[in-house]
Structure formats: C-alpha cells, structure tokens
Amino acid sequence: MFKKGDWALLLEEGRAYKTVVRVGSGKAQTIRGFIDTDVLAGAPHGAVITSSLGVKFKALPASIFDVIEHRFKLSAQAIYPKDAVHIVKAAGIGPGSVVAEAGTGSGFLTAVLAWYVKPWGVVYSFDNRIEHMKTAVRNLEAVGLLNYVELQIRDVVKSGFGALRVDAVVLDMGDPWKALEHVYEILRPGGSVVIFSTTVEHMAKSVEALKKRGYVNISIEEVLVRRWKSILGELRPETFDVTHTGWIISARRG
C-alpha cells in the first residue's frame with residue numbers, strides 16, 4: 001500500500017511511457033496529462049490511476065534507480081546505472097562499507113553507493129563546486145539517503161581526503177591520476193580504488209599512475225548493455241541505444 005511521501009512508478013497501459021511521482025504531492029504534470037498523486041495515498045501497489053487526458057497508468061513501488069533516473073536534478077553529467085552498479089561490484093562495496101568518493105556531481109553515483117553501504121556504512125563524498133553540493137543534497141534527501149552520506153567541499157588533489165580510513169575509493173573526476181597519492185594514504189591495505197574514465201588519454205594516465213604508486217590487480221572493464229524490444233513479433237535489438245559510456249578502472253592497495 002502506498003503512503004504519503006512514497007515514490008511511485010507509473011506505467012502507461014499498453015505503451016512504453018513511464019514516469020515517477022511522489023505520492024501525496026498534488027498534481028504532477030506529464031506528457032499524458034496531469035496526474036493527481038493524492039489519490040495514490042492508501043491505494044494498493046498495482047492500482048490503476050487515470051490522468052486528466054484519460055490515460056491509464058499502473059502504479060508500482062519505484063526502485064532507487066527509477067527515482068534517480070526520472071527525478072534527480074542534474075548539475076553535472078551523471079554516470080549511467082549500468083556503470084554505477086558495476087563500480088559497486090568492482091569496489092567490493094556492501095552493507096557496512098566505508099567509502100570515499102571524489103566528484104559528487106549531482107549525487108547520482110553517491111546515491112547508488114549510499115544505497116549499497118546502508119544501514120551501517122557511510123559514503124564520504126567530496127566536490128570542489130558548491131552548486132554541485134547543493135544539488136546533491138536535494139537529490140539525496142529526496143531518496144532518503146542523506147543520512148548515509150557525509151558531503152564536503154574540498155579539492156582532493158590539493159588537500160587530500162582528510163583523516164579518513166576507508167575500504168574503497170571511487171573517483172569520478174577530470175584528473176583522477178593526480179589524487180592517487182592521497183587515495184593511498186586513506187585506503188586500508190587490500191582496499192579498492194575505482195576510477196571512471198571517459199577518454200583513452202585519461203585512462204592511460206590513470207593506469208600509469210596506479211602502477212607508479214604500487215597499486216596491484218589493475219583491471220580495465222567496459223560495460224555494454226544491449227536492450228531488446230519486448231514486443232511479440234518484433235523481438236530484436238532496439239534501433240537506438242546507449243552502448244559505450246566509459247571505462248571502469250579498478251585496482252587494489254597492496
């Protein structure tokens with residue numbers, strides 16, 4: 001049953017359009033007309049709601065990825081879900097992990113990391129731009145994950161990460177190779193560092209810096225997801241899709 005403040009995923013009946021709304025937040029505008037989210041409060045999961053244009057939607061509980069993809073406000077380029085989840089895997093992050101992240105951006109990856117470290121872990125996230133932090137705070141509050149994140153405005157290349165001791169470090173920034181010396185200082189022996197790189201040149205600089213600083217088990221991976229149409233009689237790959245987005249470099253402190 002939905003209660004006020006929940007996030008609901010609305011799936012248009014018979015078509016592919018979907019959106020996410022906050023239950024009990026009044027009228028929400030969509031390309032299929034206005035939807036009165038107040039009527040969802042107290043309704044069972046799977047209830048059908050009709051927009052002002054007569055379009056019917058099935059309401060289901062929204063996942064963390066549904067909310068992030070549809071409702072997060074962006075102040076910087078966000079990492080795609082396929083890469084965010086693989087970063088979690090590459091870093092070995094789970095409930096109770098202590099993680100440091102450098103570039104917070106809009107908080108997309110921060111939210112995913114926080115989702116996986118809760119309820120006992122914490123994500124220390126650093127960014128040097130105040131506008132990014134303001135956006136991240138709003139986004140993390142919206143999904144109820146701010147309590148698992150410590151945000152700080154800091155240039156980690158110049159000032160390091162402070163007096164931390166962490167299980168993993170995730171770098172999504174323009175010059176991650178310059179921060180690796182500071183990463184080594186806070187990373188527990190055997191801990192993981194993961195770098196998201198969008199260019200071959202940056203990837204090469206990061207790998208070179210990892211080797212120079214004594215990191216081991218260096219790996220480079222690219223995550224490719226190919227979506228297919230789920231319509232009987234038209235089961236084939238989607239005509240347009242996002243394939244390559246970047247490279248995920250991971251290594252361990254020896």
# chains A, B, ... in the order shown; residues from 1 in each chain; ligands from 1
>>> residues_around(residues="region 62-69 of chain A", least_positions_apart="3", cutoff="8 Å", atoms="only C-alpha atoms", output="PyMOL selection string")
chain A and resi 7-9+20+72+81+108+112+115+143
>>> write_last_selection(atoms="all heavy atoms", output="compact mmCIF listing (two decimals), in the first residue's frame")
# COMPACT_ATOMS: atom_id res chain seq x y z
N TRP A 7 7.58 7.02 -3.36
CA TRP A 7 7.75 7.24 -4.80
C TRP A 7 7.03 6.12 -5.54
O TRP A 7 7.16 4.95 -5.20
CB TRP A 7 9.23 7.23 -5.18
CG TRP A 7 9.99 8.44 -4.71
CD1 TRP A 7 10.80 8.53 -3.62
CD2 TRP A 7 10.02 9.72 -5.34
NE1 TRP A 7 11.33 9.79 -3.51
CE2 TRP A 7 10.87 10.55 -4.56
CE3 TRP A 7 9.42 10.27 -6.47
CZ2 TRP A 7 11.13 11.87 -4.88
CZ3 TRP A 7 9.67 11.60 -6.79
CH2 TRP A 7 10.52 12.38 -6.00
N ALA A 8 6.28 6.49 -6.57
CA ALA A 8 5.53 5.51 -7.35
C ALA A 8 5.98 5.55 -8.81
O ALA A 8 6.14 6.63 -9.39
CB ALA A 8 4.03 5.79 -7.26
N LEU A 9 6.17 4.37 -9.38
CA LEU A 9 6.48 4.24 -10.80
C LEU A 9 5.16 4.03 -11.54
O LEU A 9 4.41 3.10 -11.24
CB LEU A 9 7.40 3.04 -11.03
CG LEU A 9 7.68 2.66 -12.50
CD1 LEU A 9 8.48 3.75 -13.19
CD2 LEU A 9 8.40 1.32 -12.58
N VAL A 20 7.82 8.78 -12.82
CA VAL A 20 7.86 8.57 -11.37
C VAL A 20 7.27 9.80 -10.69
O VAL A 20 7.59 10.93 -11.05
CB VAL A 20 9.31 8.34 -10.89
CG1 VAL A 20 9.38 8.34 -9.37
CG2 VAL A 20 9.83 7.02 -11.45
N PHE A 72 15.95 12.85 -10.37
CA PHE A 72 17.11 13.58 -9.91
C PHE A 72 17.35 14.80 -10.79
O PHE A 72 17.26 14.73 -12.01
CB PHE A 72 18.35 12.69 -9.94
CG PHE A 72 18.67 12.04 -8.62
CD1 PHE A 72 17.65 11.68 -7.75
CD2 PHE A 72 19.97 11.79 -8.24
CE1 PHE A 72 17.93 11.09 -6.54
CE2 PHE A 72 20.26 11.20 -7.03
CZ PHE A 72 19.24 10.84 -6.18
N PRO A 81 23.34 4.01 -14.96
CA PRO A 81 23.12 2.95 -13.96
C PRO A 81 23.99 1.72 -14.19
O PRO A 81 24.50 1.12 -13.23
CB PRO A 81 21.64 2.62 -14.11
CG PRO A 81 21.03 3.88 -14.62
CD PRO A 81 22.06 4.49 -15.52
N PHE A 108 24.25 11.30 -8.24
CA PHE A 108 23.71 10.06 -8.82
C PHE A 108 24.49 8.85 -8.30
O PHE A 108 23.92 7.94 -7.69
CB PHE A 108 23.77 10.13 -10.34
CG PHE A 108 23.09 8.98 -11.04
CD1 PHE A 108 21.98 9.20 -11.84
CD2 PHE A 108 23.55 7.69 -10.93
CE1 PHE A 108 21.35 8.15 -12.49
CE2 PHE A 108 22.94 6.63 -11.57
CZ PHE A 108 21.82 6.86 -12.36
N VAL A 112 23.73 5.76 -5.30
CA VAL A 112 23.88 4.31 -5.51
C VAL A 112 24.84 3.72 -4.47
O VAL A 112 24.56 2.68 -3.86
CB VAL A 112 24.38 4.02 -6.94
CG1 VAL A 112 24.66 2.52 -7.11
CG2 VAL A 112 23.36 4.48 -7.96
N TRP A 115 23.10 3.58 -1.15
CA TRP A 115 22.10 2.52 -1.14
C TRP A 115 22.73 1.18 -0.78
O TRP A 115 22.14 0.37 -0.04
CB TRP A 115 21.43 2.43 -2.50
CG TRP A 115 20.42 1.33 -2.63
CD1 TRP A 115 20.58 0.12 -3.24
CD2 TRP A 115 19.08 1.34 -2.13
NE1 TRP A 115 19.44 -0.62 -3.15
CE2 TRP A 115 18.50 0.11 -2.48
CE3 TRP A 115 18.32 2.28 -1.43
CZ2 TRP A 115 17.19 -0.22 -2.14
CZ3 TRP A 115 17.01 1.96 -1.10
CH2 TRP A 115 16.46 0.72 -1.45
N VAL A 143 15.55 10.85 -1.84
CA VAL A 143 15.50 9.38 -1.80
C VAL A 143 15.83 8.84 -0.41
O VAL A 143 16.01 7.63 -0.24
CB VAL A 143 16.45 8.76 -2.85
CG1 VAL A 143 15.91 8.95 -4.24
CG2 VAL A 143 17.86 9.33 -2.74
>>> closest_atom_pairs(of="region 87-112 of chain A", to="region 148-172 of chain A", cutoff="8 Å", atoms="only C-alpha atoms", output="Markdown table")
| residue | atom | partner | partner_atom | distance |
| --- | --- | --- | --- | --- |
| A:Ile87 | CA | A:Val170 | CA | 8.0 |
| A:Ala91 | CA | A:Ala168 | CA | 6.1 |
| A:Gly92 | CA | A:Ala168 | CA | 7.8 |
| A:Ile93 | CA | A:Ala168 | CA | 7.4 |
| A:Ser97 | CA | A:Asp167 | CA | 6.3 |
| A:Val98 | CA | A:Val166 | CA | 5.1 |
| A:Val99 | CA | A:Ala168 | CA | 5.0 |
| A:Ala100 | CA | A:Val169 | CA | 4.7 |
| A:Glu101 | CA | A:Val170 | CA | 4.7 |
| A:Ala102 | CA | A:Leu171 | CA | 5.0 |
| A:Gly103 | CA | A:Asp172 | CA | 5.3 |
| A:Thr104 | CA | A:Asp172 | CA | 7.9 |
| A:Thr110 | CA | A:Val149 | CA | 7.8 |
>>> write_last_selection(atoms="all heavy atoms", output="PDB file, in the first residue's frame")
ATOM      1  N   ILE A  87      30.544  -0.379 -10.805  1.00  0.00           N
ATOM      2  CA  ILE A  87      31.521   0.248  -9.911  1.00  0.00           C
ATOM      3  C   ILE A  87      31.390  -0.325  -8.504  1.00  0.00           C
ATOM      4  O   ILE A  87      32.387  -0.607  -7.832  1.00  0.00           O
ATOM      5  CB  ILE A  87      31.334   1.780  -9.905  1.00  0.00           C
ATOM      6  CG1 ILE A  87      31.876   2.371 -11.217  1.00  0.00           C
ATOM      7  CG2 ILE A  87      32.031   2.433  -8.703  1.00  0.00           C
ATOM      8  CD1 ILE A  87      31.546   3.830 -11.425  1.00  0.00           C
ATOM      9  N   ALA A  91      34.428  -2.383  -6.713  1.00  0.00           N
ATOM     10  CA  ALA A  91      34.987  -1.883  -5.458  1.00  0.00           C
ATOM     11  C   ALA A  91      34.706  -2.820  -4.283  1.00  0.00           C
ATOM     12  O   ALA A  91      35.238  -2.620  -3.191  1.00  0.00           O
ATOM     13  CB  ALA A  91      34.424  -0.499  -5.152  1.00  0.00           C
ATOM     14  N   GLY A  92      33.860  -3.825  -4.493  1.00  0.00           N
ATOM     15  CA  GLY A  92      33.526  -4.747  -3.413  1.00  0.00           C
ATOM     16  C   GLY A  92      32.720  -4.093  -2.307  1.00  0.00           C
ATOM     17  O   GLY A  92      32.891  -4.415  -1.124  1.00  0.00           O
ATOM     18  N   ILE A  93      31.841  -3.176  -2.673  1.00  0.00           N
ATOM     19  CA  ILE A  93      31.084  -2.397  -1.691  1.00  0.00           C
ATOM     20  C   ILE A  93      29.808  -3.126  -1.289  1.00  0.00           C
ATOM     21  O   ILE A  93      29.113  -3.701  -2.113  1.00  0.00           O
ATOM     22  CB  ILE A  93      30.737  -1.010  -2.272  1.00  0.00           C
ATOM     23  CG1 ILE A  93      32.017  -0.194  -2.481  1.00  0.00           C
ATOM     24  CG2 ILE A  93      29.759  -0.262  -1.399  1.00  0.00           C
ATOM     25  CD1 ILE A  93      31.814   1.067  -3.297  1.00  0.00           C
ATOM     26  N   SER A  97      30.227  -0.927   4.421  1.00  0.00           N
ATOM     27  CA  SER A  97      31.456  -0.414   3.812  1.00  0.00           C
ATOM     28  C   SER A  97      31.611   1.085   4.089  1.00  0.00           C
ATOM     29  O   SER A  97      30.631   1.823   4.149  1.00  0.00           O
ATOM     30  CB  SER A  97      31.435  -0.630   2.293  1.00  0.00           C
ATOM     31  OG  SER A  97      31.484  -1.994   1.961  1.00  0.00           O
ATOM     32  N   VAL A  98      32.863   1.490   4.242  1.00  0.00           N
ATOM     33  CA  VAL A  98      33.200   2.908   4.382  1.00  0.00           C
ATOM     34  C   VAL A  98      33.869   3.324   3.083  1.00  0.00           C
ATOM     35  O   VAL A  98      34.912   2.781   2.705  1.00  0.00           O
ATOM     36  CB  VAL A  98      34.137   3.154   5.576  1.00  0.00           C
ATOM     37  CG1 VAL A  98      34.475   4.636   5.687  1.00  0.00           C
ATOM     38  CG2 VAL A  98      33.486   2.664   6.870  1.00  0.00           C
ATOM     39  N   VAL A  99      33.255   4.287   2.386  1.00  0.00           N
ATOM     40  CA  VAL A  99      33.675   4.632   1.029  1.00  0.00           C
ATOM     41  C   VAL A  99      33.955   6.125   0.922  1.00  0.00           C
ATOM     42  O   VAL A  99      33.232   6.942   1.495  1.00  0.00           O
ATOM     43  CB  VAL A  99      32.579   4.247   0.014  1.00  0.00           C
ATOM     44  CG1 VAL A  99      33.019   4.564  -1.412  1.00  0.00           C
ATOM     45  CG2 VAL A  99      32.215   2.770   0.154  1.00  0.00           C
ATOM     46  N   ALA A 100      35.003   6.479   0.185  1.00  0.00           N
ATOM     47  CA  ALA A 100      35.267   7.872  -0.165  1.00  0.00           C
ATOM     48  C   ALA A 100      35.027   8.041  -1.660  1.00  0.00           C
ATOM     49  O   ALA A 100      35.454   7.195  -2.459  1.00  0.00           O
ATOM     50  CB  ALA A 100      36.698   8.264   0.192  1.00  0.00           C
ATOM     51  N   GLU A 101      34.344   9.120  -2.013  1.00  0.00           N
ATOM     52  CA  GLU A 101      34.046   9.402  -3.416  1.00  0.00           C
ATOM     53  C   GLU A 101      34.500  10.816  -3.747  1.00  0.00           C
ATOM     54  O   GLU A 101      34.243  11.740  -2.990  1.00  0.00           O
ATOM     55  CB  GLU A 101      32.541   9.287  -3.669  1.00  0.00           C
ATOM     56  CG  GLU A 101      32.132   9.695  -5.083  1.00  0.00           C
ATOM     57  CD  GLU A 101      30.646  10.024  -5.202  1.00  0.00           C
ATOM     58  OE1 GLU A 101      30.029  10.410  -4.184  1.00  0.00           O
ATOM     59  OE2 GLU A 101      30.106   9.901  -6.316  1.00  0.00           O
ATOM     60  N   ALA A 102      35.178  10.971  -4.871  1.00  0.00           N
ATOM     61  CA  ALA A 102      35.563  12.308  -5.346  1.00  0.00           C
ATOM     62  C   ALA A 102      35.030  12.478  -6.733  1.00  0.00           C
ATOM     63  O   ALA A 102      35.300  11.687  -7.614  1.00  0.00           O
ATOM     64  CB  ALA A 102      37.087  12.473  -5.337  1.00  0.00           C
ATOM     65  N   GLY A 103      34.285  13.320  -7.080  1.00  0.00           N
ATOM     66  CA  GLY A 103      33.375  14.143  -7.591  1.00  0.00           C
ATOM     67  C   GLY A 103      31.938  13.752  -7.329  1.00  0.00           C
ATOM     68  O   GLY A 103      31.382  12.849  -7.921  1.00  0.00           O
ATOM     69  N   THR A 104      31.351  14.485  -6.457  1.00  0.00           N
ATOM     70  CA  THR A 104      29.960  14.251  -6.092  1.00  0.00           C
ATOM     71  C   THR A 104      29.015  14.507  -7.262  1.00  0.00           C
ATOM     72  O   THR A 104      28.073  13.741  -7.493  1.00  0.00           O
ATOM     73  CB  THR A 104      29.552  15.162  -4.917  1.00  0.00           C
ATOM     74  OG1 THR A 104      30.501  15.042  -3.868  1.00  0.00           O
ATOM     75  CG2 THR A 104      28.160  14.815  -4.423  1.00  0.00           C
ATOM     76  N   THR A 110      26.668   8.849  -5.919  1.00  0.00           N
ATOM     77  CA  THR A 110      26.658   8.931  -4.463  1.00  0.00           C
ATOM     78  C   THR A 110      25.459   8.185  -3.900  1.00  0.00           C
ATOM     79  O   THR A 110      25.570   7.437  -2.913  1.00  0.00           O
ATOM     80  CB  THR A 110      26.597  10.399  -4.001  1.00  0.00           C
ATOM     81  OG1 THR A 110      27.518  11.174  -4.761  1.00  0.00           O
ATOM     82  CG2 THR A 110      26.918  10.514  -2.524  1.00  0.00           C
TER      83      THR A 110
END
>>> select_by_dssp(residues="region 98-144 of chain A", states="helix (DSSP H, G or I)", output="MDAnalysis selection string")
chainID A and resid 108:117 130:142
>>> residues_around(residues="Pro189 (chain A)", least_positions_apart="3", cutoff="9 Å", atoms="only C-alpha atoms", output="ChimeraX atom specification")
/A:167,184,192,252-254
>>> atom_distance(atom1="CA of Ala47 (chain A)", atom2="CA of Asn139 (chain A)")
26.8 Å
>>> residues_around(residues="Val55 (chain A)", least_positions_apart="6", cutoff="9 Å", atoms="only C-alpha atoms", output="tab-separated table (two decimals) with all heavy atoms, in the first residue's frame")
chain	number	residue	atom	x	y	z
A	12	GLU	N	2.34	3.38	-18.27
A	12	GLU	CA	1.19	3.57	-19.14
A	12	GLU	C	0.71	2.23	-19.68
A	12	GLU	O	1.51	1.42	-20.19
A	12	GLU	CB	1.54	4.50	-20.30
A	12	GLU	CG	0.39	4.79	-21.23
A	12	GLU	CD	0.78	5.69	-22.39
A	12	GLU	OE1	1.97	6.00	-22.53
A	12	GLU	OE2	-0.13	6.07	-23.16
A	13	GLU	N	-0.57	1.98	-19.57
A	13	GLU	CA	-1.11	0.71	-20.04
A	13	GLU	C	-1.02	0.59	-21.56
A	13	GLU	O	-1.46	1.49	-22.29
A	13	GLU	CB	-2.58	0.57	-19.60
A	13	GLU	CG	-2.73	0.37	-18.10
A	13	GLU	CD	-4.15	-0.01	-17.72
A	13	GLU	OE1	-5.07	0.15	-18.55
A	13	GLU	OE2	-4.35	-0.47	-16.58
A	32	ARG	N	1.29	12.91	-20.71
A	32	ARG	CA	0.00	12.25	-20.88
A	32	ARG	C	-1.09	12.94	-20.04
A	32	ARG	O	-2.13	12.36	-19.77
A	32	ARG	CB	0.09	10.78	-20.48
A	32	ARG	CG	1.09	9.95	-21.29
A	32	ARG	CD	0.63	9.79	-22.74
A	32	ARG	NE	1.43	8.77	-23.41
A	32	ARG	CZ	2.40	9.01	-24.27
A	32	ARG	NH1	2.73	10.27	-24.56
A	32	ARG	NH2	3.06	8.03	-24.84
A	33	GLY	N	-0.83	14.19	-19.63
A	33	GLY	CA	-1.80	14.93	-18.84
A	33	GLY	C	-1.41	14.99	-17.37
A	33	GLY	O	-0.40	14.43	-16.95
A	49	ILE	N	-4.42	4.33	-12.05
A	49	ILE	CA	-4.76	5.74	-11.90
A	49	ILE	C	-4.91	6.35	-13.28
A	49	ILE	O	-4.20	5.95	-14.22
A	49	ILE	CB	-3.67	6.48	-11.08
A	49	ILE	CG1	-4.07	7.92	-10.81
A	49	ILE	CG2	-2.32	6.37	-11.74
A	49	ILE	CD1	-3.10	8.64	-9.86
>>> atom_distance(atom1="CA of Asn217 (chain A)", atom2="CA of Ala251 (chain A)")
5.2 Å
>>> closest_residue(among="A:Lys178, A:Lys4, A:Lys89, A:Arg236", to="Leu210 (chain A)", atoms="only C-alpha atoms")
A:Lys178
>>> select_by_dssp(residues="region 4-181 of chain A", states="strand (DSSP E)", output="compact mmCIF listing (two decimals) with N, CA, C and O atoms, in the first residue's frame")
# COMPACT_ATOMS: atom_id res chain seq x y z
N TRP A 7 7.58 7.02 -3.36
CA TRP A 7 7.75 7.24 -4.80
C TRP A 7 7.03 6.12 -5.54
O TRP A 7 7.16 4.95 -5.20
N ALA A 8 6.28 6.49 -6.57
CA ALA A 8 5.53 5.51 -7.35
C ALA A 8 5.98 5.55 -8.81
O ALA A 8 6.14 6.63 -9.39
N LEU A 9 6.17 4.37 -9.38
CA LEU A 9 6.48 4.24 -10.80
C LEU A 9 5.16 4.03 -11.54
O LEU A 9 4.41 3.10 -11.24
N LEU A 10 4.86 4.93 -12.49
CA LEU A 10 3.62 4.85 -13.25
C LEU A 10 3.91 4.33 -14.64
O LEU A 10 4.68 4.93 -15.39
N LEU A 11 3.29 3.21 -14.99
CA LEU A 11 3.48 2.58 -16.29
C LEU A 11 2.22 2.73 -17.12
O LEU A 11 1.14 2.29 -16.71
N GLU A 12 2.34 3.38 -18.27
CA GLU A 12 1.19 3.57 -19.14
C GLU A 12 0.71 2.23 -19.68
O GLU A 12 1.51 1.42 -20.19
N LYS A 18 6.61 5.85 -19.22
CA LYS A 18 6.58 5.68 -17.76
C LYS A 18 7.14 6.93 -17.11
O LYS A 18 7.92 7.68 -17.71
N THR A 19 6.74 7.14 -15.87
CA THR A 19 7.24 8.28 -15.11
C THR A 19 7.21 7.93 -13.63
O THR A 19 6.66 6.89 -13.24
N VAL A 20 7.82 8.78 -12.82
CA VAL A 20 7.86 8.57 -11.37
C VAL A 20 7.27 9.80 -10.69
O VAL A 20 7.59 10.93 -11.05
N VAL A 21 6.40 9.57 -9.71
CA VAL A 21 5.78 10.67 -8.98
C VAL A 21 5.89 10.42 -7.47
O VAL A 21 6.07 9.29 -7.03
N ARG A 22 5.78 11.52 -6.71
CA ARG A 22 5.78 11.44 -5.24
C ARG A 22 4.33 11.36 -4.76
O ARG A 22 3.52 12.24 -5.08
N LYS A 27 -0.90 17.58 -7.88
CA LYS A 27 -0.94 17.25 -9.30
C LYS A 27 0.45 17.26 -9.91
O LYS A 27 1.22 18.20 -9.72
N ALA A 28 0.75 16.20 -10.66
CA ALA A 28 2.04 16.09 -11.35
C ALA A 28 1.79 16.16 -12.85
O ALA A 28 0.91 15.46 -13.38
N GLN A 29 2.56 16.99 -13.52
CA GLN A 29 2.39 17.15 -14.97
C GLN A 29 3.20 16.12 -15.71
O GLN A 29 4.37 15.89 -15.41
N THR A 30 2.59 15.45 -16.69
CA THR A 30 3.28 14.50 -17.55
C THR A 30 2.88 14.79 -18.99
O THR A 30 1.97 15.58 -19.26
N GLY A 33 -0.83 14.19 -19.63
CA GLY A 33 -1.80 14.93 -18.84
C GLY A 33 -1.41 14.99 -17.37
O GLY A 33 -0.40 14.43 -16.95
N PHE A 34 -2.22 15.69 -16.57
CA PHE A 34 -1.95 15.81 -15.14
C PHE A 34 -2.39 14.55 -14.41
O PHE A 34 -3.40 13.93 -14.76
N ILE A 35 -1.61 14.21 -13.35
CA ILE A 35 -1.95 13.06 -12.51
C ILE A 35 -2.08 13.54 -11.08
O ILE A 35 -1.18 14.21 -10.55
N ASP A 36 -3.20 13.21 -10.44
CA ASP A 36 -3.43 13.58 -9.05
C ASP A 36 -2.78 12.54 -8.15
O ASP A 36 -3.32 11.44 -7.95
N VAL A 48 -4.61 1.24 -10.46
CA VAL A 48 -4.66 1.95 -11.73
C VAL A 48 -5.14 3.38 -11.48
O VAL A 48 -6.13 3.59 -10.77
N ILE A 49 -4.42 4.33 -12.05
CA ILE A 49 -4.76 5.74 -11.90
C ILE A 49 -4.91 6.35 -13.28
O ILE A 49 -4.20 5.95 -14.22
N THR A 50 -5.84 7.29 -13.44
CA THR A 50 -6.12 7.88 -14.75
C THR A 50 -5.71 9.35 -14.77
O THR A 50 -5.99 10.10 -13.82
N LYS A 56 -4.56 5.71 -18.73
CA LYS A 56 -4.49 4.88 -17.53
C LYS A 56 -3.04 4.44 -17.26
O LYS A 56 -2.31 4.07 -18.17
N PHE A 57 -2.68 4.49 -15.99
CA PHE A 57 -1.35 4.07 -15.54
C PHE A 57 -1.48 3.05 -14.42
O PHE A 57 -2.36 3.18 -13.55
N LYS A 58 -0.61 2.06 -14.42
CA LYS A 58 -0.50 1.14 -13.29
C LYS A 58 0.59 1.68 -12.38
O LYS A 58 1.69 1.99 -12.83
N ALA A 59 0.27 1.78 -11.08
CA ALA A 59 1.21 2.35 -10.10
C ALA A 59 1.92 1.24 -9.32
O ALA A 59 1.27 0.42 -8.67
N LEU A 60 3.24 1.23 -9.41
CA LEU A 60 4.07 0.26 -8.70
C LEU A 60 5.08 0.99 -7.83
O LEU A 60 5.43 2.14 -8.10
N PRO A 61 5.60 0.34 -6.78
CA PRO A 61 6.64 0.99 -5.96
C PRO A 61 7.87 1.28 -6.83
O PRO A 61 8.33 0.40 -7.56
N VAL A 98 32.86 1.49 4.24
CA VAL A 98 33.20 2.91 4.38
C VAL A 98 33.87 3.32 3.08
O VAL A 98 34.91 2.78 2.70
N VAL A 99 33.26 4.29 2.39
CA VAL A 99 33.68 4.63 1.03
C VAL A 99 33.96 6.12 0.92
O VAL A 99 33.23 6.94 1.49
N ALA A 100 35.00 6.48 0.18
CA ALA A 100 35.27 7.87 -0.16
C ALA A 100 35.03 8.04 -1.66
O ALA A 100 35.45 7.20 -2.46
N GLU A 101 34.34 9.12 -2.01
CA GLU A 101 34.05 9.40 -3.42
C GLU A 101 34.50 10.82 -3.75
O GLU A 101 34.24 11.74 -2.99
N ALA A 102 35.18 10.97 -4.87
CA ALA A 102 35.56 12.31 -5.35
C ALA A 102 35.03 12.48 -6.73
O ALA A 102 35.30 11.69 -7.61
N VAL A 122 28.97 4.21 5.40
CA VAL A 122 28.91 5.64 5.13
C VAL A 122 29.71 5.95 3.86
O VAL A 122 30.70 5.27 3.55
N VAL A 123 29.25 6.96 3.14
CA VAL A 123 29.96 7.45 1.96
C VAL A 123 30.42 8.87 2.24
O VAL A 123 29.61 9.75 2.55
N TYR A 124 31.74 9.09 2.18
CA TYR A 124 32.30 10.44 2.29
C TYR A 124 32.49 10.95 0.87
O TYR A 124 33.29 10.40 0.11
N SER A 125 31.74 11.97 0.51
CA SER A 125 31.76 12.44 -0.87
C SER A 125 32.30 13.86 -0.95
O SER A 125 31.87 14.75 -0.20
N PHE A 126 33.23 14.08 -1.87
CA PHE A 126 33.93 15.35 -1.99
C PHE A 126 33.72 15.95 -3.39
O PHE A 126 33.74 15.26 -4.40
N ASP A 127 33.54 17.27 -3.40
CA ASP A 127 33.46 18.01 -4.66
C ASP A 127 33.95 19.42 -4.38
O ASP A 127 33.82 19.92 -3.26
N VAL A 149 25.48 9.68 4.01
CA VAL A 149 26.49 10.39 3.24
C VAL A 149 27.01 11.59 4.03
O VAL A 149 26.24 12.32 4.65
N GLU A 150 28.33 11.77 4.01
CA GLU A 150 28.98 12.96 4.55
C GLU A 150 29.53 13.75 3.38
O GLU A 150 30.45 13.29 2.70
N LEU A 151 28.97 14.92 3.13
CA LEU A 151 29.39 15.74 1.99
C LEU A 151 30.38 16.81 2.44
O LEU A 151 30.22 17.40 3.50
N GLN A 152 31.38 17.05 1.60
CA GLN A 152 32.38 18.07 1.95
C GLN A 152 32.90 18.75 0.69
O GLN A 152 33.20 18.08 -0.32
N ILE A 153 32.98 20.07 0.74
CA ILE A 153 33.55 20.84 -0.37
C ILE A 153 35.07 20.84 -0.18
O ILE A 153 35.59 21.43 0.77
N VAL A 166 39.36 4.16 4.85
CA VAL A 166 38.21 3.65 4.11
C VAL A 166 38.51 2.30 3.47
O VAL A 166 39.65 1.90 3.30
N ASP A 167 37.41 1.62 3.10
CA ASP A 167 37.52 0.31 2.44
C ASP A 167 37.66 0.45 0.93
O ASP A 167 38.21 -0.42 0.27
N ALA A 168 37.12 1.56 0.39
CA ALA A 168 37.15 1.75 -1.06
C ALA A 168 37.10 3.23 -1.38
O ALA A 168 36.54 4.03 -0.62
N VAL A 169 37.69 3.58 -2.52
CA VAL A 169 37.65 4.96 -3.03
C VAL A 169 37.16 4.91 -4.47
O VAL A 169 37.62 4.09 -5.27
N VAL A 170 36.22 5.79 -4.80
CA VAL A 170 35.69 5.89 -6.16
C VAL A 170 35.98 7.29 -6.68
O VAL A 170 35.62 8.29 -6.04
N LEU A 171 36.62 7.37 -7.83
CA LEU A 171 37.00 8.65 -8.42
C LEU A 171 36.25 8.86 -9.74
O LEU A 171 36.42 8.11 -10.69
>>> closest_residue(among="A:Phe2, A:Val200, A:Gly94, A:Ala16", to="Ile231 (chain A)", atoms="only C-alpha atoms")
A:Ala16
